[in-house]
file model.pdb (PDB, C-alpha atoms)
ATOM      1  CA  MET A  26     -14.477 -41.877  24.185  1.00  0.00           C
ATOM      2  CA  ALA A  27     -11.053 -42.162  25.801  1.00  0.00           C
ATOM      3  CA  LEU A  28      -9.484 -40.249  22.896  1.00  0.00           C
ATOM      4  CA  LEU A  29     -12.033 -37.443  23.267  1.00  0.00           C
ATOM      5  CA  ARG A  30     -11.513 -37.213  27.031  1.00  0.00           C
ATOM      6  CA  GLU A  31      -7.725 -37.166  26.701  1.00  0.00           C
ATOM      7  CA  THR A  32      -7.908 -34.576  23.927  1.00  0.00           C
ATOM      8  CA  TYR A  33     -10.144 -32.416  26.102  1.00  0.00           C
ATOM      9  CA  TYR A  34      -7.746 -32.381  29.055  1.00  0.00           C
ATOM     10  CA  LEU A  35      -4.717 -31.677  26.883  1.00  0.00           C
ATOM     11  CA  TYR A  36      -6.681 -28.916  25.188  1.00  0.00           C
ATOM     12  CA  LEU A  37      -7.481 -27.337  28.557  1.00  0.00           C
ATOM     13  CA  ARG A  38      -3.840 -27.547  29.610  1.00  0.00           C
ATOM     14  CA  ASN A  39      -2.601 -25.831  26.450  1.00  0.00           C
ATOM     15  CA  LEU A  40      -5.368 -23.237  26.555  1.00  0.00           C
ATOM     16  CA  LYS A  41      -4.613 -22.298  30.171  1.00  0.00           C
ATOM     17  CA  ILE A  42      -0.960 -21.760  29.290  1.00  0.00           C
ATOM     18  CA  TRP A  43      -1.902 -19.402  26.458  1.00  0.00           C
ATOM     19  CA  VAL A  44      -4.575 -17.494  28.374  1.00  0.00           C
ATOM     20  CA  GLY A  45      -2.235 -17.286  31.367  1.00  0.00           C
ATOM     21  CA  GLN A  46      -0.001 -15.022  29.294  1.00  0.00           C
ATOM     22  CA  PRO A  47      -2.151 -11.918  28.686  1.00  0.00           C
ATOM     23  CA  TRP A  48       0.441 -10.284  26.459  1.00  0.00           C
ATOM     24  CA  ALA A  49       0.316 -13.300  24.132  1.00  0.00           C
ATOM     25  CA  VAL A  50      -3.411 -12.731  23.705  1.00  0.00           C
ATOM     26  CA  VAL A  51      -2.975  -8.997  23.076  1.00  0.00           C
ATOM     27  CA  SER A  52       0.073  -9.188  20.803  1.00  0.00           C
ATOM     28  CA  SER A  53      -1.579 -11.771  18.581  1.00  0.00           C
ATOM     29  CA  VAL A  54      -4.102  -9.198  17.349  1.00  0.00           C
ATOM     30  CA  LEU A  55      -2.226  -5.953  17.967  1.00  0.00           C
ATOM     31  CA  GLY A  56      -0.249  -6.031  14.735  1.00  0.00           C
ATOM     32  CA  SER A  57      -3.296  -6.812  12.648  1.00  0.00           C
ATOM     33  CA  ALA A  58      -5.357  -4.147  14.398  1.00  0.00           C
ATOM     34  CA  PHE A  59      -2.713  -1.561  13.541  1.00  0.00           C
ATOM     35  CA  VAL A  60      -3.362  -2.250   9.856  1.00  0.00           C
ATOM     36  CA  PHE A  61      -6.656  -0.395  10.203  1.00  0.00           C
ATOM     37  CA  LEU A  62      -4.872   2.568  11.774  1.00  0.00           C
ATOM     38  CA  PHE A  63      -1.827   2.661   9.503  1.00  0.00           C
ATOM     39  CA  PHE A  64      -3.578   2.000   6.190  1.00  0.00           C
ATOM     40  CA  GLY A  65      -7.273   2.710   6.704  1.00  0.00           C
ATOM     41  CA  ALA A  66      -7.064   6.497   6.932  1.00  0.00           C
ATOM     42  CA  PRO A  67      -3.954   7.219   4.790  1.00  0.00           C
ATOM     43  CA  LEU A  68      -5.186   5.111   1.878  1.00  0.00           C
ATOM     44  CA  GLY A  69      -8.870   5.897   2.280  1.00  0.00           C
ATOM     45  CA  GLN A  70      -8.921   8.111  -0.821  1.00  0.00           C
ATOM     46  CA  VAL A  71      -8.241   5.158  -3.135  1.00  0.00           C
ATOM     47  CA  THR A  72     -11.923   4.313  -2.866  1.00  0.00           C
ATOM     48  CA  GLN A  73     -12.486   7.194  -5.298  1.00  0.00           C
ATOM     49  CA  LEU A  74     -10.741   5.254  -8.064  1.00  0.00           C
ATOM     50  CA  PRO A  75     -13.063   4.139 -10.875  1.00  0.00           C
ATOM     51  CA  LEU A  76     -14.810   0.822 -10.191  1.00  0.00           C
ATOM     52  CA  PHE A  77     -13.368   0.481  -6.673  1.00  0.00           C
ATOM     53  CA  PRO A  78     -15.707  -2.074  -5.052  1.00  0.00           C
ATOM     54  CA  THR A  79     -16.608  -0.063  -1.935  1.00  0.00           C
ATOM     55  CA  GLY A  80     -16.565   3.447  -0.546  1.00  0.00           C
ATOM     56  CA  ASP A  81     -15.274   2.289   2.857  1.00  0.00           C
ATOM     57  CA  TYR A  82     -11.598   1.358   2.761  1.00  0.00           C
ATOM     58  CA  ASN A  83     -11.719  -0.136   6.258  1.00  0.00           C
ATOM     59  CA  ALA A  84     -14.391  -2.524   5.008  1.00  0.00           C
ATOM     60  CA  TYR A  85     -12.110  -3.442   2.116  1.00  0.00           C
ATOM     61  CA  LEU A  86      -9.253  -4.126   4.554  1.00  0.00           C
ATOM     62  CA  THR A  87     -11.333  -6.234   6.919  1.00  0.00           C
ATOM     63  CA  GLY A  88     -11.004  -9.467   4.951  1.00  0.00           C
ATOM     64  CA  MET A  89      -7.242  -9.119   4.774  1.00  0.00           C
ATOM     65  CA  VAL A  90      -6.903  -8.248   8.474  1.00  0.00           C
ATOM     66  CA  LEU A  91      -8.975 -11.265   9.530  1.00  0.00           C
ATOM     67  CA  VAL A  92      -6.886 -13.651   7.443  1.00  0.00           C
ATOM     68  CA  MET A  93      -3.553 -12.034   8.341  1.00  0.00           C
ATOM     69  CA  THR A  94      -4.330 -12.354  12.047  1.00  0.00           C
ATOM     70  CA  VAL A  95      -4.633 -16.132  11.906  1.00  0.00           C
ATOM     71  CA  VAL A  96      -1.783 -16.544   9.414  1.00  0.00           C
ATOM     72  CA  PHE A  97       0.737 -15.084  11.845  1.00  0.00           C
ATOM     73  CA  SER A  98      -0.647 -17.129  14.738  1.00  0.00           C
ATOM     74  CA  GLY A  99       0.613 -20.257  12.976  1.00  0.00           C
ATOM     75  CA  SER A 100       4.187 -19.460  13.944  1.00  0.00           C
ATOM     76  CA  ASP A 101       3.117 -18.806  17.548  1.00  0.00           C
ATOM     77  CA  MET A 102       1.582 -22.260  17.848  1.00  0.00           C
ATOM     78  CA  ALA A 103       4.671 -23.790  16.273  1.00  0.00           C
ATOM     79  CA  PHE A 104       6.875 -22.211  18.917  1.00  0.00           C
ATOM     80  CA  ALA A 105       4.565 -23.360  21.712  1.00  0.00           C
ATOM     81  CA  VAL A 106       4.882 -26.947  20.502  1.00  0.00           C
ATOM     82  CA  LEU A 107       8.642 -26.609  20.173  1.00  0.00           C
ATOM     83  CA  THR A 108       8.839 -25.326  23.746  1.00  0.00           C
ATOM     84  CA  ASP A 109       7.204 -28.558  24.930  1.00  0.00           C
ATOM     85  CA  ILE A 110       9.655 -30.577  22.827  1.00  0.00           C
ATOM     86  CA  LEU A 111      12.767 -28.796  24.099  1.00  0.00           C
ATOM     87  CA  SER A 112      11.593 -28.838  27.728  1.00  0.00           C
ATOM     88  CA  GLY A 113      11.047 -32.596  27.638  1.00  0.00           C
ATOM     89  CA  TYR A 114       7.318 -32.309  28.371  1.00  0.00           C
ATOM     90  CA  PHE A 115       6.481 -33.662  24.918  1.00  0.00           C
ATOM     91  CA  ASP A 116       8.471 -36.849  25.622  1.00  0.00           C
ATOM     92  CA  LYS A 117       6.622 -37.275  28.925  1.00  0.00           C
ATOM     93  CA  LEU A 118       3.312 -37.087  27.075  1.00  0.00           C
ATOM     94  CA  LEU A 119       4.487 -39.753  24.655  1.00  0.00           C
ATOM     95  CA  LEU A 120       5.328 -42.054  27.574  1.00  0.00           C
ATOM     96  CA  ALA A 121       1.968 -41.437  29.266  1.00  0.00           C
ATOM     97  CA  PRO A 122      -0.817 -44.042  28.830  1.00  0.00           C
ATOM     98  CA  ILE A 123      -2.816 -41.851  26.442  1.00  0.00           C
ATOM     99  CA  HIS A 124      -3.613 -41.979  22.749  1.00  0.00           C
ATOM    100  CA  ARG A 125      -0.873 -40.121  20.892  1.00  0.00           C
ATOM    101  CA  LEU A 126      -3.350 -38.470  18.555  1.00  0.00           C
ATOM    102  CA  ALA A 127      -4.855 -36.739  21.602  1.00  0.00           C
ATOM    103  CA  ILE A 128      -1.657 -34.661  21.811  1.00  0.00           C
ATOM    104  CA  LEU A 129      -2.047 -33.554  18.195  1.00  0.00           C
ATOM    105  CA  PHE A 130      -5.782 -32.897  18.417  1.00  0.00           C
ATOM    106  CA  GLY A 131      -5.395 -30.951  21.664  1.00  0.00           C
ATOM    107  CA  THR A 132      -2.888 -28.660  19.963  1.00  0.00           C
ATOM    108  CA  LEU A 133      -5.057 -28.150  16.880  1.00  0.00           C
ATOM    109  CA  LEU A 134      -8.087 -27.318  19.025  1.00  0.00           C
ATOM    110  CA  VAL A 135      -6.104 -24.656  20.857  1.00  0.00           C
ATOM    111  CA  GLY A 136      -5.031 -23.286  17.490  1.00  0.00           C
ATOM    112  CA  GLY A 137      -8.681 -23.102  16.466  1.00  0.00           C
ATOM    113  CA  THR A 138      -9.677 -21.448  19.751  1.00  0.00           C
ATOM    114  CA  ARG A 139      -6.897 -18.885  19.415  1.00  0.00           C
ATOM    115  CA  ALA A 140      -7.985 -18.114  15.874  1.00  0.00           C
ATOM    116  CA  LEU A 141     -11.616 -17.774  16.980  1.00  0.00           C
ATOM    117  CA  ILE A 142     -10.773 -15.317  19.778  1.00  0.00           C
ATOM    118  CA  GLN A 143      -8.491 -13.286  17.531  1.00  0.00           C
ATOM    119  CA  VAL A 144     -11.049 -13.132  14.730  1.00  0.00           C
ATOM    120  CA  VAL A 145     -13.875 -12.082  17.048  1.00  0.00           C
ATOM    121  CA  ILE A 146     -11.717  -9.248  18.414  1.00  0.00           C
ATOM    122  CA  ILE A 147     -10.925  -8.037  14.877  1.00  0.00           C
ATOM    123  CA  VAL A 148     -14.606  -8.211  13.873  1.00  0.00           C
ATOM    124  CA  LEU A 149     -15.579  -6.162  16.930  1.00  0.00           C
ATOM    125  CA  LEU A 150     -12.873  -3.633  16.089  1.00  0.00           C
ATOM    126  CA  ALA A 151     -14.089  -3.403  12.498  1.00  0.00           C
ATOM    127  CA  LEU A 152     -17.657  -2.821  13.673  1.00  0.00           C
ATOM    128  CA  ALA A 153     -16.409  -0.154  16.088  1.00  0.00           C
ATOM    129  CA  LEU A 154     -14.730   1.597  13.137  1.00  0.00           C
ATOM    130  CA  GLY A 155     -18.045   1.685  11.313  1.00  0.00           C
ATOM    131  CA  VAL A 156     -17.586  -1.280   8.990  1.00  0.00           C
ATOM    132  CA  SER A 157     -20.936  -2.660   7.893  1.00  0.00           C
ATOM    133  CA  PHE A 158     -21.224  -6.289   6.771  1.00  0.00           C
ATOM    134  CA  LYS A 159     -23.458  -6.428   3.701  1.00  0.00           C
ATOM    135  CA  THR A 160     -24.480  -9.958   4.671  1.00  0.00           C
ATOM    136  CA  GLY A 161     -25.566  -8.965   8.173  1.00  0.00           C
ATOM    137  CA  VAL A 162     -25.191 -11.119  11.262  1.00  0.00           C
ATOM    138  CA  VAL A 163     -25.110 -14.336   9.241  1.00  0.00           C
ATOM    139  CA  GLY A 164     -22.245 -12.927   7.201  1.00  0.00           C
ATOM    140  CA  ILE A 165     -20.342 -11.978  10.350  1.00  0.00           C
ATOM    141  CA  LEU A 166     -20.686 -15.538  11.637  1.00  0.00           C
ATOM    142  CA  ALA A 167     -19.647 -16.935   8.251  1.00  0.00           C
ATOM    143  CA  ALA A 168     -16.537 -14.745   8.146  1.00  0.00           C
ATOM    144  CA  ILE A 169     -15.620 -15.835  11.678  1.00  0.00           C
ATOM    145  CA  VAL A 170     -15.997 -19.520  10.775  1.00  0.00           C
ATOM    146  CA  ILE A 171     -13.949 -19.185   7.575  1.00  0.00           C
ATOM    147  CA  ALA A 172     -11.129 -17.337   9.319  1.00  0.00           C
ATOM    148  CA  THR A 173     -11.149 -19.815  12.230  1.00  0.00           C
ATOM    149  CA  VAL A 174     -10.865 -22.828   9.920  1.00  0.00           C
ATOM    150  CA  PHE A 175      -8.082 -21.019   8.097  1.00  0.00           C
ATOM    151  CA  GLY A 176      -6.360 -20.568  11.460  1.00  0.00           C
ATOM    152  CA  ILE A 177      -6.495 -24.326  12.093  1.00  0.00           C
ATOM    153  CA  ALA A 178      -4.925 -24.931   8.669  1.00  0.00           C
ATOM    154  CA  TRP A 179      -2.041 -22.585   9.471  1.00  0.00           C
ATOM    155  CA  THR A 180      -1.628 -24.183  12.879  1.00  0.00           C
ATOM    156  CA  CYS A 181      -0.998 -27.431  10.992  1.00  0.00           C
ATOM    157  CA  LEU A 182       1.705 -25.715   8.948  1.00  0.00           C
ATOM    158  CA  GLY A 183       3.296 -24.399  12.122  1.00  0.00           C
ATOM    159  CA  LEU A 184       3.278 -27.909  13.592  1.00  0.00           C
ATOM    160  CA  ILE A 185       4.951 -29.312  10.500  1.00  0.00           C
ATOM    161  CA  ILE A 186       7.747 -26.744  10.756  1.00  0.00           C
ATOM    162  CA  ALA A 187       8.277 -27.351  14.487  1.00  0.00           C
ATOM    163  CA  LEU A 188       8.250 -31.142  14.240  1.00  0.00           C
ATOM    164  CA  LYS A 189      10.460 -31.323  11.156  1.00  0.00           C
ATOM    165  CA  THR A 190      13.119 -28.843  12.247  1.00  0.00           C
ATOM    166  CA  LYS A 191      12.977 -28.999  16.060  1.00  0.00           C
ATOM    167  CA  SER A 192      14.921 -25.758  15.852  1.00  0.00           C
ATOM    168  CA  ALA A 193      14.038 -22.720  17.950  1.00  0.00           C
ATOM    169  CA  GLN A 194      15.657 -20.373  15.432  1.00  0.00           C
ATOM    170  CA  VAL A 195      13.830 -21.784  12.425  1.00  0.00           C
ATOM    171  CA  THR A 196      10.501 -22.073  14.207  1.00  0.00           C
ATOM    172  CA  GLN A 197      10.673 -18.587  15.711  1.00  0.00           C
ATOM    173  CA  SER A 198      11.514 -17.180  12.275  1.00  0.00           C
ATOM    174  CA  SER A 199       8.812 -19.153  10.490  1.00  0.00           C
ATOM    175  CA  TRP A 200       6.545 -16.100  10.444  1.00  0.00           C
ATOM    176  CA  LEU A 201       8.827 -14.796   7.687  1.00  0.00           C
ATOM    177  CA  LEU A 202       7.469 -17.605   5.499  1.00  0.00           C
ATOM    178  CA  PHE A 203       3.944 -16.385   6.148  1.00  0.00           C
ATOM    179  CA  MET A 204       4.590 -12.749   5.281  1.00  0.00           C
ATOM    180  CA  PRO A 205       4.767 -13.137   1.476  1.00  0.00           C
ATOM    181  CA  LEU A 206       1.581 -15.205   1.481  1.00  0.00           C
ATOM    182  CA  ALA A 207      -0.176 -12.588   3.607  1.00  0.00           C
ATOM    183  CA  PHE A 208       0.911  -9.568   1.590  1.00  0.00           C
ATOM    184  CA  LEU A 209       1.091 -11.003  -1.946  1.00  0.00           C
ATOM    185  CA  THR A 210      -2.659 -10.610  -2.125  1.00  0.00           C
ATOM    186  CA  THR A 211      -5.264  -8.070  -3.151  1.00  0.00           C
ATOM    187  CA  ALA A 212      -5.081  -6.874   0.459  1.00  0.00           C
ATOM    188  CA  PHE A 213      -4.740  -3.186  -0.341  1.00  0.00           C
ATOM    189  CA  MET A 214      -5.852  -2.867  -3.962  1.00  0.00           C
ATOM    190  CA  PRO A 215      -8.203  -4.820  -6.254  1.00  0.00           C
ATOM    191  CA  LYS A 216      -6.533  -7.156  -8.723  1.00  0.00           C
ATOM    192  CA  GLU A 217      -7.566  -4.920 -11.623  1.00  0.00           C
ATOM    193  CA  TYR A 218      -5.137  -2.257 -10.391  1.00  0.00           C
ATOM    194  CA  LEU A 219      -2.182  -4.632 -10.007  1.00  0.00           C
ATOM    195  CA  SER A 220       0.368  -5.355 -12.710  1.00  0.00           C
ATOM    196  CA  GLY A 221       3.523  -7.284 -13.568  1.00  0.00           C
ATOM    197  CA  TRP A 222       4.901 -10.117 -11.460  1.00  0.00           C
ATOM    198  CA  PHE A 223       2.841  -9.025  -8.441  1.00  0.00           C
ATOM    199  CA  LYS A 224      -0.407  -9.707 -10.283  1.00  0.00           C
ATOM    200  CA  VAL A 225       0.860 -13.135 -11.359  1.00  0.00           C
ATOM    201  CA  ALA A 226       1.917 -13.982  -7.795  1.00  0.00           C
ATOM    202  CA  VAL A 227      -1.499 -12.962  -6.466  1.00  0.00           C
ATOM    203  CA  THR A 228      -3.199 -15.222  -8.995  1.00  0.00           C
ATOM    204  CA  PHE A 229      -1.320 -18.278  -7.722  1.00  0.00           C
ATOM    205  CA  ASN A 230      -1.460 -17.402  -4.035  1.00  0.00           C
ATOM    206  CA  PRO A 231      -4.118 -19.580  -2.327  1.00  0.00           C
ATOM    207  CA  VAL A 232      -4.352 -17.147   0.593  1.00  0.00           C
ATOM    208  CA  ASP A 233      -5.739 -14.463  -1.711  1.00  0.00           C
ATOM    209  CA  TYR A 234      -8.745 -16.616  -2.632  1.00  0.00           C
ATOM    210  CA  VAL A 235      -9.682 -16.855   1.035  1.00  0.00           C
ATOM    211  CA  VAL A 236      -9.131 -13.106   1.502  1.00  0.00           C
ATOM    212  CA  VAL A 237     -11.347 -12.353  -1.501  1.00  0.00           C
ATOM    213  CA  ALA A 238     -14.091 -14.666  -0.206  1.00  0.00           C
ATOM    214  CA  VAL A 239     -14.162 -13.004   3.221  1.00  0.00           C
ATOM    215  CA  ARG A 240     -14.018  -9.557   1.639  1.00  0.00           C
ATOM    216  CA  ALA A 241     -16.977 -10.393  -0.586  1.00  0.00           C
ATOM    217  CA  ILE A 242     -19.003 -11.330   2.490  1.00  0.00           C
ATOM    218  CA  VAL A 243     -18.149  -7.942   3.988  1.00  0.00           C
ATOM    219  CA  ILE A 244     -18.581  -5.550   1.053  1.00  0.00           C
ATOM    220  CA  GLN A 245     -20.581  -7.375  -1.653  1.00  0.00           C
ATOM    221  CA  GLY A 246     -23.059  -9.732  -0.073  1.00  0.00           C
ATOM    222  CA  TRP A 247     -23.578 -13.368  -0.969  1.00  0.00           C
ATOM    223  CA  ALA A 248     -21.574 -13.221  -4.201  1.00  0.00           C
ATOM    224  CA  TRP A 249     -21.175 -16.985  -4.527  1.00  0.00           C
ATOM    225  CA  GLU A 250     -19.138 -16.766  -7.722  1.00  0.00           C
ATOM    226  CA  VAL A 251     -16.459 -15.092  -5.590  1.00  0.00           C
ATOM    227  CA  ILE A 252     -17.046 -16.843  -2.262  1.00  0.00           C
ATOM    228  CA  LEU A 253     -17.155 -20.447  -3.479  1.00  0.00           C
ATOM    229  CA  PRO A 254     -13.633 -20.509  -5.018  1.00  0.00           C
ATOM    230  CA  GLY A 255     -12.300 -19.268  -1.689  1.00  0.00           C
ATOM    231  CA  LEU A 256     -14.189 -21.987   0.176  1.00  0.00           C
ATOM    232  CA  TYR A 257     -12.884 -24.655  -2.203  1.00  0.00           C
ATOM    233  CA  VAL A 258      -9.297 -23.469  -1.742  1.00  0.00           C
ATOM    234  CA  LEU A 259      -9.789 -23.331   2.032  1.00  0.00           C
ATOM    235  CA  ALA A 260     -11.174 -26.896   2.101  1.00  0.00           C
ATOM    236  CA  VAL A 261      -8.299 -28.284   0.031  1.00  0.00           C
ATOM    237  CA  MET A 262      -5.687 -26.341   1.991  1.00  0.00           C
ATOM    238  CA  THR A 263      -7.090 -27.494   5.335  1.00  0.00           C
ATOM    239  CA  ALA A 264      -7.290 -31.126   4.228  1.00  0.00           C
ATOM    240  CA  VAL A 265      -3.754 -31.152   2.819  1.00  0.00           C
ATOM    241  CA  LEU A 266      -2.141 -29.388   5.774  1.00  0.00           C
ATOM    242  CA  THR A 267      -4.044 -31.469   8.342  1.00  0.00           C
ATOM    243  CA  ALA A 268      -2.991 -34.672   6.582  1.00  0.00           C
ATOM    244  CA  GLY A 269       0.582 -33.375   6.362  1.00  0.00           C
ATOM    245  CA  ALA A 270       0.702 -32.444  10.042  1.00  0.00           C
ATOM    246  CA  THR A 271      -0.710 -35.854  11.026  1.00  0.00           C
ATOM    247  CA  TRP A 272       1.862 -37.667   8.861  1.00  0.00           C
ATOM    248  CA  VAL A 273       4.799 -35.659  10.200  1.00  0.00           C
ATOM    249  CA  TYR A 274       3.501 -36.086  13.748  1.00  0.00           C
ATOM    250  CA  ARG A 275       3.226 -39.875  13.375  1.00  0.00           C
ATOM    251  CA  ARG A 276       6.771 -40.079  12.014  1.00  0.00           C
ATOM    252  CA  ALA A 277       8.119 -37.846  14.770  1.00  0.00           C
ATOM    253  CA  THR A 278       6.470 -39.931  17.507  1.00  0.00           C
ATOM    254  CA  ALA A 279       6.995 -43.389  16.015  1.00  0.00           C
TER     255      ALA A 279
END
call {"tool": "encode", "arguments": {"input": "model.pdb", "output": "structure tokens"}}
result
Amino acid sequence: MALLRETYYLYLRNLKIWVGQPWAVVSSVLGSAFVFLFFGAPLGQVTQLPLFPTGDYNAYLTGMVLVMTVVFSGSDMAFAVLTDILSGYFDKLLLAPIHRLAILFGTLLVGGTRALIQVVIIVLLALALGVSFKTGVVGILAAIVIATVFGIAWTCLGLIIALKTKSAQVTQSSWLLFMPLAFLTTAFMPKEYLSGWFKVAVTFNPVDYVVVAVRAIVIQGWAWEVILPGLYVLAVMTAVLTAGATWVYRRATA
């Protein structure tokens, strides 16, 4: 019970810091929201290609935008943790009479909350643009849960980078590591229309499986043959990154 109580208070502290910076809340979804504006209308005609899975290009983009939003938030959480380390606040927490895992769990919960808020905003924007989820309300909730869990996984990756490097330059630039994983996907075109090295890279990119799963929920319905591989990849990715973040955290605070 003590661990839960300590985690709760640290979670509230970190959440208040984030919410207390309105621009941080807005900027976290602004870039992803612009994807609808910059690509939705200009590329809308590609839906006329043979066998394109939907007639609404914004609906096709929705899965990618949801995932991209939480991918880039991983670097933001990493920098927040590094700020605590460089300011000395992290050391004060380690000296406090609290369970050290409460510090880690409090950070991960904030990462999940951030992802949840960001994803809900993107879903509302998609609905405002006329995107219709084939799976209805249940599908909307499922997409939100999947993207939120994915956000927690990427928060773990951000923590690993911050704790291993303890470098402001590296941590602040860590979003560059996320860009290839976000864009080497079937974000803009189905895999059938890709070719060469790009198609190979997409095949081995775990992020694409999650994108495809969310997209299926939006434009296809409960196509489990497409959704389940994405869920499996998400489960493995989350487990591995959570274990990795915990291991790095224990070594950094030993």
call {"tool": "residues_around", "arguments": {"input": "model.pdb", "residues": "Ala226 in chain A", "least_positions_apart": "4", "cutoff": "12 Å", "atoms": "only C-alpha atoms", "output": "PyMOL selection string"}}
result
chain A and resi 205-211+216+219-222+230-233
call {"tool": "closest_residue", "arguments": {"input": "model.pdb", "among": "A:Ile146, A:Ile177, A:Met204, A:Leu134", "to": "Thr87 in chain A", "atoms": "all atoms listed in the file"}}
result
A:Ile146
call {"tool": "closest_residue", "arguments": {"input": "model.pdb", "among": "A:Ala27, A:Ile42, A:Ile142, A:Leu201", "to": "Arg125 in chain A", "atoms": "all atoms listed in the file"}}
result
A:Ala27
call {"tool": "closest_atom_pairs", "arguments": {"input": "model.pdb", "of": "range 86-191 of chain A", "to": "range 247-258 of chain A", "cutoff": "10 Å", "atoms": "all atoms listed in the file", "output": "Markdown table"}}
result
| residue | atom | partner | partner_atom | distance |
| --- | --- | --- | --- | --- |
| A:Lys159 | CA | A:Trp247 | CA | 8.4 |
| A:Thr160 | CA | A:Trp247 | CA | 6.7 |
| A:Gly164 | CA | A:Trp247 | CA | 8.3 |
| A:Ile171 | CA | A:Leu256 | CA | 7.9 |
call {"tool": "resolve_selection", "arguments": {"input": "model.pdb", "expression": "the PyMOL selection byres ((chain A and resi 68) around 12)", "output": "compact mmCIF listing (two decimals) with C-alpha atoms, keeping the file's coordinate frame"}}
result
# COMPACT_ATOMS: atom_id res chain seq x y z
CA VAL A 60 -3.36 -2.25 9.86
CA PHE A 61 -6.66 -0.40 10.20
CA LEU A 62 -4.87 2.57 11.77
CA PHE A 63 -1.83 2.66 9.50
CA PHE A 64 -3.58 2.00 6.19
CA GLY A 65 -7.27 2.71 6.70
CA ALA A 66 -7.06 6.50 6.93
CA PRO A 67 -3.95 7.22 4.79
CA GLY A 69 -8.87 5.90 2.28
CA GLN A 70 -8.92 8.11 -0.82
CA VAL A 71 -8.24 5.16 -3.14
CA THR A 72 -11.92 4.31 -2.87
CA GLN A 73 -12.49 7.19 -5.30
CA LEU A 74 -10.74 5.25 -8.06
CA GLY A 80 -16.57 3.45 -0.55
CA ASP A 81 -15.27 2.29 2.86
CA TYR A 82 -11.60 1.36 2.76
CA ASN A 83 -11.72 -0.14 6.26
CA TYR A 85 -12.11 -3.44 2.12
CA LEU A 86 -9.25 -4.13 4.55
CA PHE A 213 -4.74 -3.19 -0.34
CA MET A 214 -5.85 -2.87 -3.96
call {"tool": "closest_residue", "arguments": {"input": "model.pdb", "among": "A:Val265, A:Val237, A:Ala270, A:Val243", "to": "Pro215 in chain A", "atoms": "only C-alpha atoms"}}
result
A:Val237
call {"tool": "atom_distance", "arguments": {"input": "model.pdb", "atom1": "CA of Asn39 in chain A", "atom2": "CA of Gly269 in chain A"}}
result
21.7 Å
call {"tool": "residues_around", "arguments": {"input": "model.pdb", "residues": "Ala151 in chain A", "least_positions_apart": "3", "cutoff": "10 Å", "atoms": "only C-alpha atoms", "output": "list in words"}}
result
Ala58, Phe61, Asn83, Ala84, Leu86, Thr87, Val90, Leu91, Val145, Ile146, Ile147, Val148, Leu154, Gly155, Val156, Ser157 and Phe158 of chain A
call {"tool": "closest_residue", "arguments": {"input": "model.pdb", "among": "A:Trp272, A:Met93, A:Phe203, A:Leu35", "to": "Leu118 in chain A", "atoms": "all atoms listed in the file"}}
result
A:Leu35
call {"tool": "residues_around", "arguments": {"input": "model.pdb", "residues": "Thr271 in chain A", "least_positions_apart": "6", "cutoff": "12 Å", "atoms": "only C-alpha atoms", "output": "ChimeraX atom specification"}}
result
/A:125-130,132-133,178,180-182,184-185,188,263-265,277-279
call {"tool": "axis_aligned_box", "arguments": {"input": "model.pdb", "around": "range 154-167 of chain A", "padding_each_side": "6 Å", "output": "lines of an AutoDock Vina configuration file"}}
result
center_x = -20.1
center_y = -7.6
center_z = 8.4
size_x = 22.8
size_y = 30.6
size_z = 21.4
call {"tool": "atom_distance", "arguments": {"input": "model.pdb", "atom1": "CA of Ala241 in chain A", "atom2": "CA of Gly176 in chain A"}}
result
19.0 Å
call {"tool": "resolve_selection", "arguments": {"input": "model.pdb", "expression": "the PyMOL selection byres ((chain A and resi 116) around 12)", "output": "number ranges by chain"}}
result
A: 106-115, 117-121, 125, 128, 277-279
call {"tool": "residues_near_point", "arguments": {"input": "model.pdb", "point": "(-6.0, -18.2, 8.2)", "cutoff": "7 Å", "atoms": "all atoms listed in the file", "output": "ChimeraX atom specification"}}
result
/A:92-93,95-96,172-176,178-179
call {"tool": "atom_distance", "arguments": {"input": "model.pdb", "atom1": "CA of Lys189 in chain A", "atom2": "CA of Arg275 in chain A"}}
result
11.4 Å
call {"tool": "closest_residue", "arguments": {"input": "model.pdb", "among": "A:Val135, A:Ala187, A:Val239, A:Leu29", "to": "Ile165 in chain A", "atoms": "only C-alpha atoms"}}
result
A:Val239
call {"tool": "closest_residue", "arguments": {"input": "model.pdb", "among": "A:Phe104, A:Phe223, A:Phe229, A:Tyr33", "to": "Ser192 in chain A", "atoms": "only C-alpha atoms"}}
result
A:Phe104
call {"tool": "build_atoms", "arguments": {"input": "model.pdb", "residues": "range 247-252 of chain A", "atoms": "N, CA and C atoms", "output": "tab-separated table (two decimals), keeping the file's coordinate frame"}}
result
chain	number	residue	atom	x	y	z
A	247	TRP	N	-23.78	-11.95	-0.67
A	247	TRP	CA	-23.58	-13.37	-0.97
A	247	TRP	C	-23.23	-13.55	-2.45
A	248	ALA	N	-22.06	-13.09	-2.82
A	248	ALA	CA	-21.57	-13.22	-4.20
A	248	ALA	C	-20.89	-14.59	-4.32
A	249	TRP	N	-21.69	-15.62	-4.58
A	249	TRP	CA	-21.18	-16.98	-4.53
A	249	TRP	C	-20.12	-17.27	-5.58
A	250	GLU	N	-20.16	-16.55	-6.69
A	250	GLU	CA	-19.14	-16.77	-7.72
A	250	GLU	C	-17.75	-16.34	-7.22
A	251	VAL	N	-17.73	-15.52	-6.20
A	251	VAL	CA	-16.46	-15.09	-5.59
A	251	VAL	C	-16.18	-15.88	-4.32
A	252	ILE	N	-17.21	-16.17	-3.56
A	252	ILE	CA	-17.05	-16.84	-2.26
A	252	ILE	C	-16.69	-18.32	-2.42
